[in-house]
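Visitor: The structure's right below; bear with me while I get my questions together.
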Amino acid sequence: MAHFIELTAADGFKFAAWEARPAGTPKAAVVVLQEIFGVNAHIRAVVEGYAAMGYLAVAPATFHRLQPGIELGYTPADITAGAALKAAVEALPAPGVQQDIQAAVDYAARAGKVGVVGYCWGGLLAWRAACLLSGVSAAVVYYGGGMTLPAEIARQPRCPVLAHFAQTDQSIPLEGVAALRQAHPEVEVQMYAATHGFNCDHRGAYDAACAALARERTLAFFARHLA
């Protein structure tokens, strides 16, 4: 069963999160971090997909501090709106939305070890979670926007990290991926013959074969580190 729940951050702020539970006892937990389009139908489906694999899965609404109930599509207007919301969240005083992600991790920990997976902006947030938050046992980044910038590369992950990148991603230059690899040989980097957003079956960039391979690798990674 999947539904919205309410979580509370350390500063007392209450926000929504989409939760899905497996049929039986969860084997571990996965926190899913949204793109710039909110906890929309695609992200909810991703959460439910992890639940189907035996995980307690939860996606915190990381736009809630600015505006609750954001659910965008993938039109140019939606992209503009989502980018503006992302910029506003990134401009919040520290710790900003990281405390909401920490609250989601703490909540999910009732099921055991917690992995974090994020897509696009959520990928960047997943990288930060691996470096800054407590209770994260593994992190998976899908084409994390901004992750390959020097300030982010300078961070040090506290848990194993798997990063999926696309070879023709116009927003993440290959030089940045190379710099990340050089600075962090401990990070498992996988490249795909695809473009940004290849995991999202609601977008024109969707690549079924690459998405399936990345999912297979992600599930194997979580199986290793969340057992």
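Numbering starts fresh at 1 for the residues of each chain in the structure tokens, the chains themselves are lettered A, B, ... in the order given, and ligands are numbered from 1 as they appear.
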Would you please extract all alpha helix (DSSP H) residues from chain A, as assigned by DSSP on the backbone, and give them as number ranges by chain?
Guide: A: 41-52, 76-90, 98-108, 121-132, 150-153, 174-183, 208-225
Visitor: Write the residues you've just listed into a file as a PDB file, in the first residue's frame, and include C-alpha atoms for each of them.
Guide:
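The resulting file, result-v3.pdb, is shown below:
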```
ATOM      1  CA  ALA A  41       3.596  10.158 -10.786  1.00  0.00           C
ATOM      2  CA  HIS A  42       7.015   8.997 -11.956  1.00  0.00           C
ATOM      3  CA  ILE A  43       8.694   9.366  -8.560  1.00  0.00           C
ATOM      4  CA  ARG A  44       5.751   7.692  -6.844  1.00  0.00           C
ATOM      5  CA  ALA A  45       6.115   4.782  -9.273  1.00  0.00           C
ATOM      6  CA  VAL A  46       9.833   4.564  -8.499  1.00  0.00           C
ATOM      7  CA  VAL A  47       9.035   4.389  -4.776  1.00  0.00           C
ATOM      8  CA  GLU A  48       6.494   1.647  -5.398  1.00  0.00           C
ATOM      9  CA  GLY A  49       9.023  -0.219  -7.515  1.00  0.00           C
ATOM     10  CA  TYR A  50      11.477  -0.390  -4.613  1.00  0.00           C
ATOM     11  CA  ALA A  51       8.685  -1.554  -2.318  1.00  0.00           C
ATOM     12  CA  ALA A  52       7.927  -4.336  -4.799  1.00  0.00           C
ATOM     13  CA  PRO A  76       9.448  23.394 -21.189  1.00  0.00           C
ATOM     14  CA  ALA A  77       7.200  25.392 -18.838  1.00  0.00           C
ATOM     15  CA  ASP A  78       7.418  22.638 -16.221  1.00  0.00           C
ATOM     16  CA  ILE A  79      11.201  22.555 -16.541  1.00  0.00           C
ATOM     17  CA  THR A  80      11.371  26.329 -16.036  1.00  0.00           C
ATOM     18  CA  ALA A  81       9.093  26.145 -12.995  1.00  0.00           C
ATOM     19  CA  GLY A  82      11.017  23.231 -11.495  1.00  0.00           C
ATOM     20  CA  ALA A  83      14.378  24.905 -12.047  1.00  0.00           C
ATOM     21  CA  ALA A  84      13.136  28.018 -10.245  1.00  0.00           C
ATOM     22  CA  LEU A  85      11.941  25.960  -7.279  1.00  0.00           C
ATOM     23  CA  LYS A  86      15.226  24.095  -7.142  1.00  0.00           C
ATOM     24  CA  ALA A  87      17.182  27.369  -7.150  1.00  0.00           C
ATOM     25  CA  ALA A  88      15.036  28.695  -4.307  1.00  0.00           C
ATOM     26  CA  VAL A  89      15.567  25.542  -2.226  1.00  0.00           C
ATOM     27  CA  GLU A  90      19.298  25.653  -2.879  1.00  0.00           C
ATOM     28  CA  GLN A  98      19.066  18.315   4.137  1.00  0.00           C
ATOM     29  CA  GLN A  99      17.242  18.205   7.465  1.00  0.00           C
ATOM     30  CA  ASP A 100      14.123  16.961   5.676  1.00  0.00           C
ATOM     31  CA  ILE A 101      16.133  14.200   4.011  1.00  0.00           C
ATOM     32  CA  GLN A 102      17.651  13.316   7.392  1.00  0.00           C
ATOM     33  CA  ALA A 103      14.147  13.026   8.825  1.00  0.00           C
ATOM     34  CA  ALA A 104      13.208  10.667   5.980  1.00  0.00           C
ATOM     35  CA  VAL A 105      16.338   8.573   6.605  1.00  0.00           C
ATOM     36  CA  ASP A 106      15.579   8.424  10.335  1.00  0.00           C
ATOM     37  CA  TYR A 107      11.991   7.373   9.632  1.00  0.00           C
ATOM     38  CA  ALA A 108      13.032   4.706   7.115  1.00  0.00           C
ATOM     39  CA  TRP A 121      18.673  17.279  -8.630  1.00  0.00           C
ATOM     40  CA  GLY A 122      17.793  14.393  -6.329  1.00  0.00           C
ATOM     41  CA  GLY A 123      21.044  12.778  -7.418  1.00  0.00           C
ATOM     42  CA  LEU A 124      22.931  15.807  -6.157  1.00  0.00           C
ATOM     43  CA  LEU A 125      20.971  15.601  -2.901  1.00  0.00           C
ATOM     44  CA  ALA A 126      21.798  11.886  -2.650  1.00  0.00           C
ATOM     45  CA  TRP A 127      25.510  12.686  -3.009  1.00  0.00           C
ATOM     46  CA  ARG A 128      25.235  15.274  -0.260  1.00  0.00           C
ATOM     47  CA  ALA A 129      23.327  12.798   1.882  1.00  0.00           C
ATOM     48  CA  ALA A 130      26.176  10.305   1.465  1.00  0.00           C
ATOM     49  CA  CYS A 131      28.634  12.974   2.571  1.00  0.00           C
ATOM     50  CA  LEU A 132      26.731  14.878   5.254  1.00  0.00           C
ATOM     51  CA  PRO A 150      34.477  21.348  -7.812  1.00  0.00           C
ATOM     52  CA  ALA A 151      32.609  22.279  -4.607  1.00  0.00           C
ATOM     53  CA  GLU A 152      30.699  18.984  -4.686  1.00  0.00           C
ATOM     54  CA  ILE A 153      33.684  16.876  -5.718  1.00  0.00           C
ATOM     55  CA  LEU A 174      32.238  14.321 -19.368  1.00  0.00           C
ATOM     56  CA  GLU A 175      35.214  16.289 -18.027  1.00  0.00           C
ATOM     57  CA  GLY A 176      33.329  16.693 -14.781  1.00  0.00           C
ATOM     58  CA  VAL A 177      32.688  12.954 -14.579  1.00  0.00           C
ATOM     59  CA  ALA A 178      36.392  12.352 -15.196  1.00  0.00           C
ATOM     60  CA  ALA A 179      37.281  14.791 -12.403  1.00  0.00           C
ATOM     61  CA  LEU A 180      34.916  13.002 -10.032  1.00  0.00           C
ATOM     62  CA  ARG A 181      36.469   9.656 -10.922  1.00  0.00           C
ATOM     63  CA  GLN A 182      39.967  10.980 -10.316  1.00  0.00           C
ATOM     64  CA  ALA A 183      39.085  12.537  -6.966  1.00  0.00           C
ATOM     65  CA  ALA A 208      14.536   1.315 -21.656  1.00  0.00           C
ATOM     66  CA  ALA A 209      17.704  -0.747 -22.030  1.00  0.00           C
ATOM     67  CA  CYS A 210      19.902   1.704 -20.113  1.00  0.00           C
ATOM     68  CA  ALA A 211      17.250   2.171 -17.436  1.00  0.00           C
ATOM     69  CA  ALA A 212      16.962  -1.588 -16.965  1.00  0.00           C
ATOM     70  CA  LEU A 213      20.736  -2.021 -16.697  1.00  0.00           C
ATOM     71  CA  ALA A 214      21.059   0.854 -14.233  1.00  0.00           C
ATOM     72  CA  ARG A 215      18.234  -0.590 -12.135  1.00  0.00           C
ATOM     73  CA  GLU A 216      19.877  -4.018 -12.130  1.00  0.00           C
ATOM     74  CA  ARG A 217      23.142  -2.485 -10.951  1.00  0.00           C
ATOM     75  CA  THR A 218      21.358  -0.346  -8.359  1.00  0.00           C
ATOM     76  CA  LEU A 219      19.476  -3.288  -6.890  1.00  0.00           C
ATOM     77  CA  ALA A 220      22.680  -5.360  -6.743  1.00  0.00           C
ATOM     78  CA  PHE A 221      24.473  -2.443  -5.058  1.00  0.00           C
ATOM     79  CA  PHE A 222      21.742  -2.083  -2.444  1.00  0.00           C
ATOM     80  CA  ALA A 223      21.650  -5.854  -1.927  1.00  0.00           C
ATOM     81  CA  ARG A 224      25.369  -5.768  -1.090  1.00  0.00           C
ATOM     82  CA  HIS A 225      25.338  -2.776   1.214  1.00  0.00           C
TER      83      HIS A 225
END
```
Visitor: What lies within 9 Å of stretch 185-189 of chain A using only C-alpha atoms, ignoring chain neighbours under 5 positions off, as number ranges by chain?
Guide: A: 157, 160-165, 177, 180
Visitor: Taking 6 positions as the minimum chain separation for residues in the same chain, which residues sit within 8 Å of A:Ala193 when counting only C-alpha atoms? Answer as a CSV table (one decimal) with C-alpha atoms, in the first residue's frame.
Guide:
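New file around20.csv:
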```
chain,number,residue,atom,x,y,z
A,166,ALA,CA,25.0,9.5,-19.5
A,167,GLN,CA,27.5,9.9,-22.2
A,168,THR,CA,25.6,12.6,-24.1
A,210,CYS,CA,19.9,1.7,-20.1
```
Visitor: Point out the residue among A:His184, A:Arg65, A:Arg158, A:His196 with the least atom-to-atom distance to A:Gly144, counting only C-alpha atoms.
Guide: A:His196
Visitor: Which distance in Å separates atom CA of A:Leu226 and atom CA of A:Leu7, to one decimal?
Guide: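 Between these atoms lies a distance of 22.8 Å.
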Visitor: At what distance in Å, to one decimal, does atom CA of A:Val31 lie from atom CA of A:Phe63?
Guide: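 Spanning atom CA of A:Phe63 to atom CA of A:Val31 is a straight-line distance of 15.5 Å.
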